[in-house]
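Written below as structure tokens is the structure these notes are about.
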Amino acid sequence: MMTSQMLISMNFWNRKSDDPLLKIFLEKYGLHLLSIPREDSNVGDLYIQDPNIKYLSTAGSIRHFLVPKFEVSDLDITVDELMADVVGKVSKDVSGNAGLNFLENFLNNLAMSNIGAKITGSYEGTNKNAITFTFANPRRDSLDPLLLGNRIFKYKFDKSNALYSEDRKFFIVTAIAKSSSITVDFLGDKKNSLDLDIDVLKFADGKGGFKVESSKSGSFTFKGDKNLVFGVELYELVYDKLNKKIKMNMLGGAMSPRGAEQESPNVSKEDVFIEIRD
């Protein structure tokens, strides 16, 4: 797992962006994008946020944090649903340096090595260069928040759990977006295609199930043998002492139509990325 020192700013996407790919993520799916995509995120996970801390910590499954024990497996969870409206949707071109940061994080975790750094280094992105992203086979795992709300309200937080504290915030993952591949177009300052260093591609291809395919000049698809979660849908869980039940607060932002009651746990109000630490 990558450490916090390896986090890189994601300023090329924010909640004021008119990027068509980002709008689908935010407006339709209500996703919070992960600053570093990760393999080990699941529906029913519990995230915890300490006061005055911007990042979220992973704590495991919600089943261990409620009394009586709450079984997420009893709910109908849709698995590997194709995000058809995301397939082939191309992002707007973004500055080379900022876009390469996102690509590097994705590829490093997909290949579990520093391949991403080698690939982005060979491109030598500058402010005059740009890249676009496409997810060819994005998938989604999800549960129905309404069904979850019908079940979870009668439970209580397990205050005997060492992770419980009244000043902490608790979030449940109700959906994840994941992909085992990403297609990137590397563009020059005049939007002409640029090629990567052939030696770097030879080094990357075939490493630990990691594959590199090129369909045209400057366009490359990077594939791995596992799915990386790049976005999550979150609801905040709050115990209503007056009515003695758990409430689910919707989270949103400037581009979300969900009528959010609470601000999202982002680094800033405009940032679409959240940082998760183990």
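Residues in the structure tokens are numbered from 1 in each chain, the chains being A, B, ... in the order shown, and ligands are numbered from 1 in the order shown.
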
Per DSSP on the backbone, filter region 16-203 of chain A down to the residues in strand (DSSP E or B) and report them as a tab-separated table (two decimals) with N, CA and C atoms, in the first residue's frame.
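Final file, result-v1.tsv:
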chain	number	residue	atom	x	y	z
A	32	HIS	N	-17.29	9.89	-4.65
A	32	HIS	CA	-16.13	10.61	-4.14
A	32	HIS	C	-14.91	9.88	-4.68
A	33	LEU	N	-14.12	10.55	-5.49
A	33	LEU	CA	-12.98	9.91	-6.13
A	33	LEU	C	-11.83	9.77	-5.15
A	34	LEU	N	-11.09	8.67	-5.26
A	34	LEU	CA	-9.98	8.40	-4.36
A	34	LEU	C	-8.71	9.00	-4.91
A	35	SER	N	-7.98	9.72	-4.08
A	35	SER	CA	-6.73	10.33	-4.52
A	35	SER	C	-5.73	9.27	-4.96
A	36	ILE	N	-5.77	8.11	-4.32
A	36	ILE	CA	-4.98	6.97	-4.75
A	36	ILE	C	-5.92	5.78	-4.88
A	37	PRO	N	-6.18	5.31	-6.11
A	37	PRO	CA	-7.04	4.13	-6.27
A	37	PRO	C	-6.50	2.95	-5.47
A	38	ARG	N	-7.42	2.10	-4.97
A	38	ARG	CA	-7.02	1.02	-4.09
A	38	ARG	C	-7.80	-0.24	-4.44
A	45	ASP	N	-18.05	-1.22	3.82
A	45	ASP	CA	-16.89	-0.78	4.60
A	45	ASP	C	-17.25	0.42	5.46
A	46	LEU	N	-16.56	0.54	6.58
A	46	LEU	CA	-16.73	1.67	7.48
A	46	LEU	C	-15.50	2.56	7.40
A	47	TYR	N	-15.70	3.85	7.14
A	47	TYR	CA	-14.62	4.84	7.17
A	47	TYR	C	-14.84	5.74	8.37
A	48	ILE	N	-13.75	6.17	8.96
A	48	ILE	CA	-13.81	7.01	10.16
A	48	ILE	C	-13.02	8.29	9.93
A	49	GLN	N	-13.57	9.40	10.42
A	49	GLN	CA	-12.88	10.68	10.30
A	49	GLN	C	-12.78	11.32	11.68
A	56	LEU	N	-9.74	10.18	5.61
A	56	LEU	CA	-10.55	9.15	6.25
A	56	LEU	C	-9.69	7.94	6.53
A	57	SER	N	-10.00	7.23	7.59
A	57	SER	CA	-9.29	6.00	7.94
A	57	SER	C	-10.19	4.81	7.70
A	58	THR	N	-9.61	3.73	7.21
A	58	THR	CA	-10.38	2.50	7.02
A	58	THR	C	-10.43	1.73	8.33
A	59	ALA	N	-11.59	1.17	8.62
A	59	ALA	CA	-11.75	0.44	9.88
A	59	ALA	C	-12.24	-0.99	9.67
A	60	GLY	N	-12.54	-1.36	8.43
A	60	GLY	CA	-13.08	-2.70	8.19
A	60	GLY	C	-14.57	-2.64	7.89
A	61	SER	N	-15.24	-3.75	8.12
A	61	SER	CA	-16.65	-3.86	7.78
A	61	SER	C	-17.53	-3.26	8.87
A	66	LEU	N	-21.64	-2.33	14.84
A	66	LEU	CA	-23.01	-2.10	15.27
A	66	LEU	C	-23.48	-3.21	16.20
A	67	VAL	N	-24.45	-2.88	17.05
A	67	VAL	CA	-25.08	-3.90	17.90
A	67	VAL	C	-26.59	-3.83	17.68
A	77	ILE	N	-26.70	-7.08	-2.87
A	77	ILE	CA	-25.62	-6.25	-3.39
A	77	ILE	C	-25.42	-6.58	-4.87
A	78	THR	N	-25.53	-5.57	-5.70
A	78	THR	CA	-25.27	-5.73	-7.13
A	78	THR	C	-23.77	-5.70	-7.35
A	79	VAL	N	-23.24	-6.70	-8.04
A	79	VAL	CA	-21.79	-6.83	-8.20
A	79	VAL	C	-21.43	-6.76	-9.68
A	80	ASP	N	-20.36	-6.04	-9.96
A	80	ASP	CA	-19.79	-5.96	-11.32
A	80	ASP	C	-20.76	-5.46	-12.37
A	81	GLU	N	-21.61	-4.53	-12.00
A	81	GLU	CA	-22.50	-3.90	-12.97
A	81	GLU	C	-21.69	-2.99	-13.88
A	82	LEU	N	-21.85	-3.14	-15.18
A	82	LEU	CA	-21.12	-2.32	-16.14
A	82	LEU	C	-21.65	-0.88	-16.09
A	94	VAL	N	-6.32	17.50	-19.94
A	94	VAL	CA	-5.86	18.15	-18.72
A	94	VAL	C	-4.36	18.36	-18.82
A	95	SER	N	-3.85	19.30	-18.05
A	95	SER	CA	-2.43	19.64	-18.15
A	95	SER	C	-1.57	18.42	-17.88
A	130	ALA	N	-0.74	17.64	-22.76
A	130	ALA	CA	-2.00	17.28	-22.12
A	130	ALA	C	-2.28	15.81	-22.34
A	131	ILE	N	-3.15	15.26	-21.50
A	131	ILE	CA	-3.58	13.88	-21.66
A	131	ILE	C	-5.08	13.80	-21.44
A	132	THR	N	-5.72	12.78	-22.02
A	132	THR	CA	-7.13	12.50	-21.76
A	132	THR	C	-7.26	11.07	-21.25
A	133	PHE	N	-8.31	10.83	-20.45
A	133	PHE	CA	-8.55	9.52	-19.87
A	133	PHE	C	-9.83	8.91	-20.41
A	134	THR	N	-9.83	7.59	-20.51
A	134	THR	CA	-11.04	6.83	-20.84
A	134	THR	C	-11.01	5.53	-20.04
A	139	ARG	N	-16.64	-0.93	-13.70
A	139	ARG	CA	-17.67	-1.73	-13.04
A	139	ARG	C	-18.07	-1.10	-11.71
A	140	ARG	N	-19.25	-1.49	-11.24
A	140	ARG	CA	-19.78	-0.90	-10.01
A	140	ARG	C	-20.41	-1.98	-9.15
A	141	ASP	N	-20.07	-1.97	-7.86
A	141	ASP	CA	-20.75	-2.77	-6.86
A	141	ASP	C	-21.59	-1.81	-6.02
A	142	SER	N	-22.82	-2.18	-5.70
A	142	SER	CA	-23.67	-1.24	-4.97
A	142	SER	C	-24.78	-1.96	-4.22
A	143	LEU	N	-25.30	-1.28	-3.23
A	143	LEU	CA	-26.53	-1.72	-2.57
A	143	LEU	C	-27.52	-0.57	-2.58
A	156	LYS	N	-27.53	0.18	16.83
A	156	LYS	CA	-26.80	1.20	17.60
A	156	LYS	C	-25.30	1.01	17.38
A	157	PHE	N	-24.55	2.10	17.60
A	157	PHE	CA	-23.10	1.98	17.57
A	157	PHE	C	-22.64	1.15	18.77
A	169	LYS	N	-16.56	11.02	13.12
A	169	LYS	CA	-17.61	10.83	12.12
A	169	LYS	C	-17.44	9.46	11.49
A	170	PHE	N	-18.58	8.85	11.14
A	170	PHE	CA	-18.57	7.48	10.61
A	170	PHE	C	-19.31	7.45	9.28
A	171	PHE	N	-18.68	6.81	8.30
A	171	PHE	CA	-19.25	6.75	6.95
A	171	PHE	C	-19.31	5.31	6.48
A	172	ILE	N	-20.40	4.96	5.81
A	172	ILE	CA	-20.54	3.63	5.24
A	172	ILE	C	-20.46	3.72	3.72
A	173	VAL	N	-19.76	2.78	3.11
A	173	VAL	CA	-19.62	2.72	1.66
A	173	VAL	C	-20.82	1.97	1.10
A	174	THR	N	-21.62	2.63	0.27
A	174	THR	CA	-22.79	1.99	-0.32
A	174	THR	C	-22.58	1.62	-1.79
A	175	ALA	N	-21.50	2.09	-2.38
A	175	ALA	CA	-21.18	1.72	-3.76
A	175	ALA	C	-19.71	1.99	-4.02
A	176	ILE	N	-19.11	1.19	-4.91
A	176	ILE	CA	-17.74	1.42	-5.34
A	176	ILE	C	-17.70	1.39	-6.87
A	177	ALA	N	-16.82	2.20	-7.45
A	177	ALA	CA	-16.57	2.18	-8.89
A	177	ALA	C	-15.14	1.69	-9.08
A	178	LYS	N	-14.95	0.75	-10.00
A	178	LYS	CA	-13.65	0.11	-10.14
A	178	LYS	C	-13.34	-0.16	-11.61
A	179	SER	N	-12.07	-0.36	-11.90
A	179	SER	CA	-11.65	-0.67	-13.25
A	179	SER	C	-10.30	-1.37	-13.21
A	180	SER	N	-10.10	-2.26	-14.17
A	180	SER	CA	-8.81	-2.96	-14.29
A	180	SER	C	-7.98	-2.39	-15.43
A	181	SER	N	-8.48	-1.32	-16.04
A	181	SER	CA	-7.73	-0.75	-17.16
A	181	SER	C	-8.06	0.73	-17.32
A	182	ILE	N	-7.17	1.43	-17.98
A	182	ILE	CA	-7.38	2.84	-18.29
A	182	ILE	C	-6.73	3.12	-19.63
A	183	THR	N	-7.43	3.86	-20.48
A	183	THR	CA	-6.88	4.26	-21.77
A	183	THR	C	-6.50	5.73	-21.71
A	184	VAL	N	-5.31	6.03	-22.19
A	184	VAL	CA	-4.78	7.39	-22.10
A	184	VAL	C	-4.31	7.84	-23.48
A	185	ASP	N	-4.69	9.05	-23.85
A	185	ASP	CA	-4.15	9.68	-25.05
A	185	ASP	C	-3.15	10.75	-24.62
A	186	PHE	N	-1.93	10.62	-25.08
A	186	PHE	CA	-0.87	11.58	-24.77
A	186	PHE	C	-0.82	12.60	-25.91
A	187	LEU	N	-1.04	13.86	-25.58
A	187	LEU	CA	-1.15	14.91	-26.59
A	187	LEU	C	-0.04	15.93	-26.43
A	193	SER	N	-0.62	13.81	-31.29
A	193	SER	CA	-0.32	12.66	-30.45
A	193	SER	C	1.18	12.53	-30.22

Quick one: residues within 9 Å of Ala117 (chain A), only C-alpha atoms counted, chain neighbours fewer than 5 positions away excluded, as an mmCIF file with C-alpha atoms, in the first residue's frame?
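New file selection_14.cif:
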data_model
loop_
_atom_site.group_PDB
_atom_site.id
_atom_site.type_symbol
_atom_site.label_atom_id
_atom_site.label_comp_id
_atom_site.auth_asym_id
_atom_site.auth_seq_id
_atom_site.Cartn_x
_atom_site.Cartn_y
_atom_site.Cartn_z
ATOM 1 C CA LEU A 100 0.260 12.494 -15.108
ATOM 2 C CA ASN A 101 0.033 12.541 -11.313
ATOM 3 C CA LEU A 103 -2.130 8.325 -14.052
ATOM 4 C CA GLU A 104 0.997 7.534 -12.059
ATOM 5 C CA ASN A 105 -0.995 6.701 -8.917
ATOM 6 C CA LEU A 107 -0.665 2.565 -12.742
ATOM 7 C CA ASN A 108 1.602 2.124 -9.733
ATOM 8 C CA SER A 122 9.165 9.024 -20.180
#

Residue among A:Ala162, A:Ile152, A:Ile115, A:Leu21 lying closest to Lys245 (chain A), counting only C-alpha atoms: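 Closest to Lys245 (chain A) of all the choices is A:Ile152.
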
Mind checking DSSP for region 52-139 of chain A and telling me the helix (DSSP H, G or I) residues as a compact mmCIF listing (two decimals) with C-alpha atoms, in the first residue's frame?
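Below you can see selection-v7.txt, which holds the result:
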# COMPACT_ATOMS: atom_id res chain seq x y z
CA ILE A 62 -19.63 -2.12 9.38
CA ARG A 63 -20.74 -5.53 10.71
CA HIS A 64 -18.22 -5.26 13.54
CA VAL A 72 -24.23 -6.57 5.09
CA SER A 73 -24.33 -9.91 3.27
CA ASP A 74 -28.05 -10.13 4.09
CA GLY A 96 0.40 17.17 -18.49
CA ASN A 97 1.82 17.51 -14.99
CA ALA A 98 -1.50 17.27 -13.13
CA GLY A 99 -2.91 14.54 -15.33
CA LEU A 100 0.26 12.49 -15.11
CA ASN A 101 0.03 12.54 -11.31
CA PHE A 102 -3.34 10.81 -11.44
CA LEU A 103 -2.13 8.33 -14.05
CA GLU A 104 1.00 7.53 -12.06
CA ASN A 105 -1.00 6.70 -8.92
CA PHE A 106 -3.37 4.47 -10.88
CA LEU A 107 -0.66 2.57 -12.74
CA ASN A 108 1.60 2.12 -9.73
CA ASN A 109 -1.18 0.37 -7.84
CA LEU A 110 -2.39 -1.56 -10.88
CA ALA A 111 1.08 -3.03 -11.43
CA ILE A 115 5.84 1.39 -13.51
CA GLY A 116 3.59 4.43 -13.38
CA ALA A 117 6.53 6.64 -12.48
CA LYS A 118 8.59 5.20 -15.33
CA ILE A 119 5.80 5.69 -17.87
CA THR A 120 4.93 9.22 -16.83
CA GLY A 121 8.62 10.08 -16.59
CA SER A 122 9.17 9.02 -20.18
CA TYR A 123 6.43 11.38 -21.28
